[in-house]
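Undergrad: There's a structure below that I have some questions on.
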Amino acid sequence: MSPLIIVEAVRKTYHPQRPDAVEAVAGVSLQIAAGETVVLRGPSGSGKTSLLSLIGCMARPTSGRVIVAGQEVSRLPERFLTMVRRRTFGFVFQQNHLIPELSVRDNVMLPLYPESVGATEMVCRAMAALDEVELAPLAGRRVRYLSGGEQQRVAIARALVNRPQVLIADEPTAHLDRRLSRELLERFTALKQTGLTLVIATHDPLVCDHPVIDRIIDLRDGRLDGSPAP
Amino acid sequence: MRQLKILEYALASLLRRPGKNAAILLVYTLMVAVLATVLLLTHALKSEAENLLADGPALVVQRTMAGRHELIPVTAADTVAAIPGVGKVTPRVWGYYYDGLTEANYTLLAVDSADPALELLDGRLPQGDGECAIGAGIAAVRRVGLNDDLILIDAANVGTIFTITGVFKSASRLLTEDLLVIPAEPLRRLFGMPAQLATDLAVEIPNPGEIDTVARKVKRLLPDARPITRSELLRTYHAVFDWRGGMLLAIFAASLLAFCILAWDKATGLSAGERREIGILKAVGWDTADVLLLKVWEGLAVSLLAFLLGFTGAFTLVFWWGAPLLGTVLRGWSTLFPEWQPTPHVDLYQIITLAFLTIVPYIASTVIPAWRAAVTDPDEVMRQ
């Protein structure tokens, strides 16, 4: 499989000019092929979320390169970087990050507002995404009245509504019980079968040991585990 | 299409925070209403003065001595009438009368000096000694009507009885409310004014282009005279109403400032929820320009609605209800305030200025804090 994402010697330092500067990612290189399901595994503070942000064009590397579908994105202007992010990636955040006052359908439609999509098509696409996660009957309900598991399915529907090539999930089972975690992994399995690339940051053994996972990349102190410290 | 969708989202977003936005809307509506009331009323009064003066004499000639107004010899009328371009010259007898009973000032005018355009509400103009016609304001404060008697104290401190033969009305009640019309001879006796003197001269000049030239010639022929043209009188009225309007605005400035501080505080203080929402929007693919567009629409919706409500409220207050509170302050010193119904006059320049001063600062106060929140990396939301 050809690599969809290439990360080359990427470093990410937060507050580089300040005495409390933190190097969250310290020279990581990796490749992820289209259709692959990869887990970034490591303890808290190992740099999983920072690496997910860099891969998903949420943040720019301090040095190194990130190449997505053949295009180097590290130096793109914000507008284009946002467009790449919106059209290539779907995100499922650890806290879901839904807007509680909005309905399920309105939350799912959020990524479509900046796109050239008509109002009717927005609703159709949102309903199709909700159908995929079996939440279409709850489309009109406000998110705040849903259970944790349902809220996460809304977050997955929102991540899928733009038909991304890559789904990025940060600690997706952190707030789920075992039953809901298994359901989520079954959903990931179904998504993988559609050709979607999945990049998941977790330290949950249930996820790491699941057959849907093709590869596990271990991180420690911002580096690939086993790679030498500079 | 993108604009419309973001506008739709902005309106829905405002409705999701009804308490905060209703408070801001109320504050801004009040602020616009107060400002617009003063501006509309000042403009209406100036227009009213213009209408009044349109029927008045083109030139009024007064005599001055030591910088003060003095009675003018009636013979001066012949001198003025001899100037080429001058039409009719009327020596007018008029003056002010303070009525200690009602603590009000009346304007007393000789019947032959009265504007023929004055309409009588009831009765007729006075024709002989002991007759008078009065304005509706005097009739109300003295509680008198047609055929009733009115006692006025003359210059020798002796009471004179007048029978009321008519009560005035006019297109503008500003003119006739405190007016009392008496035939010339009894009025001279009341004021103690000699027969060869008049209060001033009303000069008609058929060609308006000649007014300034005639005024210069009057000044040359009668060095102690002060010719006052209609346009000078108009400028004075404008200055007076502008000054009063300015004073009112200055008085309101403190409360307006308080309103502005409150509105600014409301607008600039992004709540944790709003900050989080901006982060989520950025994370799901909105760029900074989309977020700013959303905030511009929100600001425009609130401020435009506040402006329309405030301006409509002010228009209703001034032109339908006659500006019951501010009108008294702006109209003048007389205690006989007419029940004046201003004619709607709206100055487009004033509307644009008012809109600029209220809408633009509000949008700026909405967009700037949102911009600060929107320029942060979207991965911040990943860490919350």
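Residue names in the structure tokens use chain letters A, B, ... in the order shown, residue numbers from 1 in each chain, and ligand numbers from 1 in the order shown.
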Could you write out as a ChimeraX atom specification the residues of chain A within 9 Å of chain B, counting only C-alpha atoms?

TA: /A:49-50,53-54,57-60,78-79,81-87,90-91,93-95,97-99,101-102,110-119,158-159,170

Undergrad: Write a file of the just-selected residues containing C-alpha atoms, as a PDB file, in the first residue's frame.

TA:
```pdb
ATOM      1  CA  THR A  49      -2.258  13.705  21.148  1.00  0.00           C
ATOM      2  CA  SER A  50       0.415  16.107  19.847  1.00  0.00           C
ATOM      3  CA  SER A  53      -2.653  17.000  15.949  1.00  0.00           C
ATOM      4  CA  LEU A  54       0.331  17.144  13.610  1.00  0.00           C
ATOM      5  CA  CYS A  57      -3.206  19.290  10.340  1.00  0.00           C
ATOM      6  CA  MET A  58      -4.485  20.744  13.616  1.00  0.00           C
ATOM      7  CA  ALA A  59      -1.048  22.096  14.455  1.00  0.00           C
ATOM      8  CA  ARG A  60       2.174  22.857  12.589  1.00  0.00           C
ATOM      9  CA  GLU A  78      -3.992  28.621   7.459  1.00  0.00           C
ATOM     10  CA  ARG A  79      -6.849  28.742   4.963  1.00  0.00           C
ATOM     11  CA  LEU A  81      -4.373  23.901   5.885  1.00  0.00           C
ATOM     12  CA  THR A  82      -7.931  24.163   7.206  1.00  0.00           C
ATOM     13  CA  MET A  83      -9.278  22.998   3.856  1.00  0.00           C
ATOM     14  CA  VAL A  84      -6.950  19.962   3.822  1.00  0.00           C
ATOM     15  CA  ARG A  85      -7.973  19.183   7.391  1.00  0.00           C
ATOM     16  CA  ARG A  86     -11.673  19.539   6.630  1.00  0.00           C
ATOM     17  CA  ARG A  87     -11.627  17.425   3.473  1.00  0.00           C
ATOM     18  CA  GLY A  90     -12.500  13.450  10.529  1.00  0.00           C
ATOM     19  CA  PHE A  91     -11.868  13.806  14.254  1.00  0.00           C
ATOM     20  CA  PHE A  93     -12.061  13.874  20.340  1.00  0.00           C
ATOM     21  CA  GLN A  94     -11.541  12.389  23.773  1.00  0.00           C
ATOM     22  CA  GLN A  95     -14.256  14.688  25.207  1.00  0.00           C
ATOM     23  CA  HIS A  97     -16.545  18.249  21.883  1.00  0.00           C
ATOM     24  CA  LEU A  98     -20.155  18.523  20.801  1.00  0.00           C
ATOM     25  CA  ILE A  99     -22.187  21.707  21.265  1.00  0.00           C
ATOM     26  CA  GLU A 101     -27.374  23.257  22.996  1.00  0.00           C
ATOM     27  CA  LEU A 102     -27.532  22.062  19.388  1.00  0.00           C
ATOM     28  CA  LEU A 110     -21.077  21.706  11.615  1.00  0.00           C
ATOM     29  CA  PRO A 111     -18.194  20.711   9.273  1.00  0.00           C
ATOM     30  CA  LEU A 112     -20.432  21.328   6.225  1.00  0.00           C
ATOM     31  CA  TYR A 113     -21.072  25.061   6.811  1.00  0.00           C
ATOM     32  CA  PRO A 114     -17.824  26.261   5.193  1.00  0.00           C
ATOM     33  CA  GLU A 115     -18.286  23.868   2.249  1.00  0.00           C
ATOM     34  CA  SER A 116     -20.187  24.597  -0.967  1.00  0.00           C
ATOM     35  CA  VAL A 117     -23.037  22.357   0.043  1.00  0.00           C
ATOM     36  CA  GLY A 118     -26.687  23.411  -0.112  1.00  0.00           C
ATOM     37  CA  ALA A 119     -28.909  23.332   2.959  1.00  0.00           C
ATOM     38  CA  ARG A 158     -19.770  14.405  12.613  1.00  0.00           C
ATOM     39  CA  ALA A 159     -16.299  13.078  11.799  1.00  0.00           C
ATOM     40  CA  ASP A 170      -8.060  10.414  20.462  1.00  0.00           C
TER      41      ASP A 170
END
```

Undergrad: As a ChimeraX atom specification, please: the residues near Ala126 of chain A (cut-off 8 Å, only C-alpha atoms, same-chain neighbours under 2 positions excluded).

TA: /A:105,108-109,122-124,128-130,157-158,161

Undergrad: Calculate how many Å separate atom CA of Arg178 of chain A from atom CA of Leu191 of chain A, rounding to one decimal.

TA: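 Going from atom CA of Arg178 of chain A over to atom CA of Leu191 of chain A, I get 19.8 Å.
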
Undergrad: Between atom CA of Ala110 of chain B and atom CA of Glu185 of chain B, what is the distance in Å, rounded to a tenth?

TA: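 Between these atoms lies a distance of 8.2 Å.
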
Undergrad: Between B:Ser365, B:Asn207, B:Asn51, B:Asn105, which is the closest to Gly87 of chain B once you count only C-alpha atoms?

TA: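 The closest residue to Gly87 of chain B is B:Asn207.
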
Undergrad: Could you give me the residues within segment 38-94 of chain B that DSSP places in strand (DSSP E or B), as a VMD selection string?

TA: chain B and resid 59 to 65 68 to 70 72 to 73 89 to 92 94

Undergrad: Using the chain letters and numbers from this document, which residues of segment 106-200 of chain B does DSSP assign to helix (DSSP H, G or I), as a ChimeraX atom specification?

TA: /B:111-113,136-142,173-176,184-191

Undergrad: Under the rule that only C-alpha atoms are counted, which of B:Ala374, B:Ala272, B:Leu348, B:Ile83 is the nearest residue to Leu40 of chain B?

TA: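 So, comparing all the options, the nearest one is B:Leu348.
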
Undergrad: Skip Gly195 of chain A itself and residues of its chain fewer than 4 positions away, then list as a PDB file with N, CA and C atoms, in the first residue's frame all residues within 9 Å of it, counting only C-alpha atoms.

TA:
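That gives us selection04.pdb:
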```pdb
ATOM      1  N   ALA A  34      -2.803   4.165   3.083  1.00  0.00           N
ATOM      2  CA  ALA A  34      -4.254   4.330   2.921  1.00  0.00           C
ATOM      3  C   ALA A  34      -4.953   3.030   3.290  1.00  0.00           C
ATOM      4  N   GLY A  35      -6.002   3.116   4.084  1.00  0.00           N
ATOM      5  CA  GLY A  35      -6.766   1.933   4.475  1.00  0.00           C
ATOM      6  C   GLY A  35      -6.210   1.236   5.703  1.00  0.00           C
ATOM      7  N   GLU A  36      -5.078   1.695   6.188  1.00  0.00           N
ATOM      8  CA  GLU A  36      -4.458   1.070   7.351  1.00  0.00           C
ATOM      9  C   GLU A  36      -5.131   1.555   8.640  1.00  0.00           C
ATOM     10  N   GLN A 165     -10.863  10.852   4.275  1.00  0.00           N
ATOM     11  CA  GLN A 165     -10.051   9.680   3.959  1.00  0.00           C
ATOM     12  C   GLN A 165      -9.503   9.051   5.232  1.00  0.00           C
ATOM     13  N   LEU A 191     -16.046   0.528   9.490  1.00  0.00           N
ATOM     14  CA  LEU A 191     -15.511   1.689   8.754  1.00  0.00           C
ATOM     15  C   LEU A 191     -14.247   1.305   7.985  1.00  0.00           C
TER      16      LEU A 191
END
```

Undergrad: Could you jot down the atom CA of Leu167 of chain A to atom CA of Thr197 of chain A separation for me, Å, one decimal place?

TA: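 So the two atoms, atom CA of Leu167 of chain A and atom CA of Thr197 of chain A, lie 6.1 Å apart.
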
Undergrad: Can you pull out every residue within 8 Å of Lys12 of chain A, counting only C-alpha atoms, but drop anything in the same chain fewer than 2 positions away, and send it as a list of chain:residue names?

TA: A:Val10, A:Tyr14, A:Glu23, A:Ala24, A:Val25, A:Ala26, A:Ser50, A:Arg60, A:Pro61, A:Thr62, A:Ser63

Undergrad: Within 10 Å of Val144 of chain B, counting only C-alpha atoms, which residues show up once you throw out same-chain ones fewer than 5 positions away? Write them as a list in words, please.

TA: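 Residues near the query, excluding close chain neighbours: Ile134, Ala136, Ile138, Ala139, Asp149, Leu150, Ile164 and Val167 of chain B.
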
Undergrad: Write out as a VMD selection string each polymer residue whose atoms come within 9 Å of Val93 of chain B, counting only C-alpha atoms; drop sequence neighbours fewer than 4 positions from it.

TA: chain B and resid 108 to 113 184 187 to 188 193 197 to 201
